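A.B. asks: Could you have a look at this structure, given as structure tokens, before my questions?
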Amino acid sequence: APTGESLLRVEHLTKDFAGLRAVSDVSLEVAPGEIVGLIGPNGAGKSTIINLISGAHRPTSGRIWFNGQDITNSETSRVARAGLVRTFQHIRLFRSLTVRQNVEAAYQVRLGLSLLSVMTRSRRYREAMEEMRVAVDEALALFGLEGVQHQLAGTLSYGDQRRVEIVRALVTQPRLLLLDEPAAGMNEAESAELAQFLREIRQRHSLSIILVEHHLDVVMEVCDRLIVLDHGTVIASGRPDEVVRHPEVLRAYLGG
Ligand code: ADP
Ligand code: MG
């Protein structure tokens, strides 16, 4: 059972894919308000851990506790409603919908509102639509996207598309946000802007973040703590400035 102040607690998590152990006996915790970086070479198991925590994959063994609830075998929609939301390594926007429609779609799916569409014109449905309008207005304003809300998502710059992805996750006010390589494909200016954006999110929302990221400058700038994975196991964890000097970490990164 969970103890202490953790928002997320992962115990002895293992995931096998036909003949391959992608994640091997990983335990970790995330405190409320904490930003934890999950780093490691390609194939280390980072995305698999995000998939397991978010309910997209079933673990081979181990348990996952979120906010005092055992979510080990829960569906992603249930996990999202409990306040745990993720973004993907590859952008998953609807390119031919507007920015606003993209944010609204995320809100509806995560809160299960699509089911309510069958109850069209019910009072609960109208209330839900009004709540959505307010939440989406707020989210767009908070992140300076009001000006582009009616533009097609596919016409935005790469950096702005990544921001819309994060706003799609934030609109339901999660308690834990899982970001899988949000700076992937960004240039230096865009990733510096993303780091600033993540710091703002932390200030404005009392949420925790697990940040999977290859851009070490972003990781060093926003994370309170780092966990380093290699071949599915945790090889180091601790304060960012200490962890990046760890010999095992240097070996994993430099292949020495
Ligand atoms: P990372 O995100 O750290 O680059 P992944 O979690 O994507 O690593 O992958 C870890 C290992 O698991 C890799 O060897 C990868 O090929 C394998 N893997 C990931 N997803 C699957 C899958 N759905 N089926 C089979 N193997 C997978
Ligand atoms: Mg990955």
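The chains in the structure tokens are called A, B, ... from first to last as shown; in each chain the residues are counted from 1, and the ligands are counted from 1 in the order shown.
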Output the neighbourhood of ligand 2 as a PyMOL selection string, that is, all protein and nucleic acid residues with some atom at most 12 Å from the ligand, counting only C-alpha atoms and all ligand atoms.

C.D. replies: chain A and resi 22+38-51+87-90+179-182+184+211-214+229+232

A.B. asks: Set out as CSV a contact list for segment 91-111 of chain A and segment 131-138 of chain A with a cut-off of 12 Å, giving each residue of segment 91-111 of chain A that qualifies its closest atom pair and distance in Å to one decimal, counting only C-alpha atoms, ordered by chain and rising residue number.

C.D. replies:
residue,atom,partner,partner_atom,distance
A:Val99,CA,A:Val136,CA,10.4
A:Arg100,CA,A:Val136,CA,7.5
A:Gln101,CA,A:Val136,CA,9.5
A:Asn102,CA,A:Val136,CA,10.1
A:Val103,CA,A:Val136,CA,6.8
A:Glu104,CA,A:Val136,CA,6.7
A:Ala105,CA,A:Met132,CA,10.0
A:Ala106,CA,A:Val136,CA,10.1
A:Tyr107,CA,A:Met132,CA,7.2
A:Gln108,CA,A:Met132,CA,8.1
A:Val109,CA,A:Met132,CA,11.6
A:Arg110,CA,A:Met132,CA,11.7
A:Leu111,CA,A:Met132,CA,10.0

A.B. asks: Take the residues that were just selected and, keeping N, CA and C atoms, output them as an mmCIF file, in the first residue's frame.

C.D. replies:
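Output contents, as saved in again25.cif:
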data_model
loop_
_atom_site.group_PDB
_atom_site.id
_atom_site.type_symbol
_atom_site.label_atom_id
_atom_site.label_comp_id
_atom_site.auth_asym_id
_atom_site.auth_seq_id
_atom_site.Cartn_x
_atom_site.Cartn_y
_atom_site.Cartn_z
ATOM 1 N N VAL A 99 -7.032 25.285 -33.468
ATOM 2 C CA VAL A 99 -6.387 25.127 -32.165
ATOM 3 C C VAL A 99 -7.448 24.917 -31.092
ATOM 4 N N ARG A 100 -8.487 25.743 -31.117
ATOM 5 C CA ARG A 100 -9.547 25.636 -30.112
ATOM 6 C C ARG A 100 -10.256 24.282 -30.174
ATOM 7 N N GLN A 101 -10.566 23.835 -31.393
ATOM 8 C CA GLN A 101 -11.229 22.534 -31.541
ATOM 9 C C GLN A 101 -10.351 21.400 -31.017
ATOM 10 N N ASN A 102 -9.035 21.532 -31.218
ATOM 11 C CA ASN A 102 -8.117 20.531 -30.687
ATOM 12 C C ASN A 102 -8.174 20.476 -29.167
ATOM 13 N N VAL A 103 -8.194 21.649 -28.546
ATOM 14 C CA VAL A 103 -8.212 21.698 -27.081
ATOM 15 C C VAL A 103 -9.560 21.175 -26.570
ATOM 16 N N GLU A 104 -10.648 21.550 -27.251
ATOM 17 C CA GLU A 104 -11.982 21.068 -26.854
ATOM 18 C C GLU A 104 -12.091 19.547 -26.972
ATOM 19 N N ALA A 105 -11.519 19.005 -28.048
ATOM 20 C CA ALA A 105 -11.591 17.546 -28.247
ATOM 21 C C ALA A 105 -10.873 16.819 -27.114
ATOM 22 N N ALA A 106 -9.718 17.340 -26.716
ATOM 23 C CA ALA A 106 -8.956 16.711 -25.623
ATOM 24 C C ALA A 106 -9.758 16.758 -24.333
ATOM 25 N N TYR A 107 -10.390 17.898 -24.092
ATOM 26 C CA TYR A 107 -11.198 18.071 -22.879
ATOM 27 C C TYR A 107 -12.333 17.045 -22.847
ATOM 28 N N GLN A 108 -13.014 16.898 -23.971
ATOM 29 C CA GLN A 108 -14.166 15.985 -24.033
ATOM 30 C C GLN A 108 -13.749 14.539 -23.843
ATOM 31 N N VAL A 109 -12.672 14.147 -24.521
ATOM 32 C CA VAL A 109 -12.244 12.752 -24.427
ATOM 33 C C VAL A 109 -11.793 12.438 -23.009
ATOM 34 N N ARG A 110 -10.973 13.333 -22.425
ATOM 35 C CA ARG A 110 -10.412 13.018 -21.104
ATOM 36 C C ARG A 110 -11.476 12.988 -20.025
ATOM 37 N N LEU A 111 -12.514 13.814 -20.190
ATOM 38 C CA LEU A 111 -13.551 13.820 -19.165
ATOM 39 C C LEU A 111 -14.734 12.928 -19.549
#

A.B. asks: Which residues, written as a compact mmCIF listing (two decimals) with N, CA and C atoms, in the first residue's frame, have at least one atom at most 10 Å from Ile53 of chain A, with only C-alpha atoms counted and residues fewer than 4 positions away on the same chain left out?

C.D. replies:
# COMPACT_ATOMS: atom_id res chain seq x y z
N LEU A 8 2.54 10.01 -6.96
CA LEU A 8 2.68 8.79 -7.76
C LEU A 8 3.69 7.88 -7.09
N ARG A 9 3.36 6.61 -7.07
CA ARG A 9 4.30 5.63 -6.53
C ARG A 9 4.29 4.41 -7.44
N VAL A 10 5.44 4.10 -7.98
CA VAL A 10 5.60 2.96 -8.88
C VAL A 10 6.47 1.94 -8.15
N LEU A 13 8.17 -2.16 -11.17
CA LEU A 13 7.49 -2.24 -12.46
C LEU A 13 8.38 -2.96 -13.49
N SER A 47 9.72 5.72 -22.79
CA SER A 47 8.35 5.79 -23.31
C SER A 47 7.50 4.64 -22.78
N THR A 48 8.12 3.48 -22.59
CA THR A 48 7.38 2.34 -22.06
C THR A 48 6.89 2.64 -20.65
N ILE A 49 7.72 3.29 -19.84
CA ILE A 49 7.28 3.66 -18.49
C ILE A 49 6.11 4.64 -18.55
N HIS A 57 -0.29 0.69 -21.67
CA HIS A 57 0.20 -0.69 -21.65
C HIS A 57 -0.06 -1.31 -20.29
N ARG A 58 -0.21 -2.63 -20.27
CA ARG A 58 -0.34 -3.37 -19.01
C ARG A 58 1.04 -3.84 -18.58
N PRO A 59 1.40 -3.64 -17.30
CA PRO A 59 2.70 -4.15 -16.86
C PRO A 59 2.72 -5.67 -16.79
N ARG A 63 3.33 -2.60 -9.42
CA ARG A 63 2.11 -1.87 -9.11
C ARG A 63 2.31 -0.37 -9.28
N ILE A 64 1.20 0.33 -9.59
CA ILE A 64 1.24 1.77 -9.78
C ILE A 64 0.13 2.39 -8.93
N TRP A 65 0.55 3.30 -8.05
CA TRP A 65 -0.41 3.99 -7.18
C TRP A 65 -0.42 5.46 -7.56
N PHE A 66 -1.62 6.04 -7.69
CA PHE A 66 -1.73 7.45 -7.98
C PHE A 66 -2.74 8.07 -7.04
N ILE A 71 -3.87 2.12 -9.61
CA ILE A 71 -4.30 2.30 -11.00
C ILE A 71 -3.59 1.32 -11.92
N THR A 72 -3.01 0.25 -11.35
CA THR A 72 -2.15 -0.65 -12.12
C THR A 72 -2.78 -1.14 -13.42
N ASN A 73 -4.02 -1.55 -13.38
CA ASN A 73 -4.62 -2.07 -14.61
C ASN A 73 -5.78 -1.23 -15.11
N SER A 74 -5.74 0.07 -14.78
CA SER A 74 -6.84 0.96 -15.18
C SER A 74 -6.71 1.41 -16.62
N THR A 76 -6.82 4.09 -19.75
CA THR A 76 -6.30 5.47 -19.84
C THR A 76 -7.36 6.51 -19.50
N VAL A 79 -7.71 6.72 -15.80
CA VAL A 79 -6.49 7.33 -15.26
C VAL A 79 -6.53 8.84 -15.48
N LEU A 84 -4.33 12.17 -14.17
CA LEU A 84 -3.00 11.83 -14.68
C LEU A 84 -3.08 11.81 -16.21
N VAL A 85 -2.40 12.76 -16.85
CA VAL A 85 -2.54 12.95 -18.30
C VAL A 85 -1.16 12.99 -18.95
N ARG A 86 -1.06 12.44 -20.18
CA ARG A 86 0.23 12.40 -20.85
C ARG A 86 0.18 13.05 -22.23
N LEU A 178 2.51 13.84 -17.76
CA LEU A 178 3.63 13.05 -18.28
C LEU A 178 3.97 13.59 -19.66

A.B. asks: Please run DSSP on the backbone and report, as a ChimeraX atom specification, all residues within segment 6-116 of chain A that come out as alpha helix (DSSP H).

C.D. replies: /A:46-53,76-81,99-110

A.B. asks: If you measure from atom CA of Glu11 of chain A to atom CA of Ser61 of chain A, what distance in Å do you get, rounded to one decimal?

C.D. replies: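 Atom CA of Glu11 of chain A sits 9.2 Å away from atom CA of Ser61 of chain A.
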
A.B. asks: Running DSSP on the backbone, which parts of segment 6-159 of chain A land in strand (DSSP E), as a count of residues only?

C.D. replies: 37

A.B. asks: Nearest residue to ligand 1 out of A:Val228, A:Val249, A:Val36, A:Ala31, using only C-alpha atoms and all ligand atoms?

C.D. replies: A:Val228

A.B. asks: Closest to ligand 1 among A:Glu75, A:Asp241, A:Asp230, A:Glu146, using only C-alpha atoms and all ligand atoms?

C.D. replies: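 So, comparing all the options, the nearest one is A:Asp230.
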
A.B. asks: Counting only C-alpha atoms, which of A:Glu34, A:Leu216, A:Leu7, A:Ile91 gets nearest to Gln69 of chain A?

C.D. replies: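 Once distances to Gln69 of chain A are computed over only C-alpha atoms, the minimum belongs to A:Leu7.
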
A.B. asks: So which one's closest to ligand 1, A:Val234, A:Ile35, A:Leu207, A:Val171? Using only C-alpha atoms and all ligand atoms, please.

C.D. replies: A:Val234

A.B. asks: Which residues, written as a list in words, have at least one atom at most 10 Å from Val222 of chain A, with only C-alpha atoms counted and residues fewer than 6 positions away on the same chain left out?

C.D. replies: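 That gives Ile35, Val36, Gly37, Leu194, Ala195, Gln196, Phe197, Leu198, Arg199, Arg202, Ile209, Leu211 and Pro240 of chain A.
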
A.B. asks: Store the residues of this selection in a file with C-alpha atoms, as a PDB file, in the first residue's frame.

C.D. replies:
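In the end it all went to selection13.pdb:
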ATOM      1  CA  ILE A  35       9.165  17.980 -11.639  1.00  0.00           C
ATOM      2  CA  VAL A  36      11.058  14.747 -12.222  1.00  0.00           C
ATOM      3  CA  GLY A  37      13.196  14.236 -15.316  1.00  0.00           C
ATOM      4  CA  LEU A 194       9.579  25.429 -23.834  1.00  0.00           C
ATOM      5  CA  ALA A 195      11.707  25.406 -20.671  1.00  0.00           C
ATOM      6  CA  GLN A 196      10.286  28.842 -19.795  1.00  0.00           C
ATOM      7  CA  PHE A 197       6.765  27.564 -20.564  1.00  0.00           C
ATOM      8  CA  LEU A 198       7.201  24.547 -18.244  1.00  0.00           C
ATOM      9  CA  ARG A 199       8.443  26.788 -15.444  1.00  0.00           C
ATOM     10  CA  ARG A 202       4.659  24.855 -12.489  1.00  0.00           C
ATOM     11  CA  ILE A 209       5.463  16.615 -14.053  1.00  0.00           C
ATOM     12  CA  LEU A 211       9.568  15.004 -18.126  1.00  0.00           C
ATOM     13  CA  PRO A 240      20.316  17.141 -11.626  1.00  0.00           C
TER      14      PRO A 240
END

A.B. asks: Which residue out of A:Val219, A:Arg251, A:His231, A:Glu5 has the minimum interatomic distance to Val23 of chain A when only C-alpha atoms are used?

C.D. replies: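 Among the listed residues, the smallest separation from Val23 of chain A belongs to A:His231.
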
A.B. asks: Looking at only C-alpha atoms and all ligand atoms, which of A:Ala169, A:Ala82, A:Ala18, A:Leu226 is the one that sits closest to ligand 1?

C.D. replies: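 Nearest to ligand 1: A:Ala18.
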
A.B. asks: Hey, can you check how far atom CA of Ala56 of chain A sits from atom CA of Asp160 of chain A?

C.D. replies: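 Rounded to one decimal, the two atoms are 25.9 Å apart.
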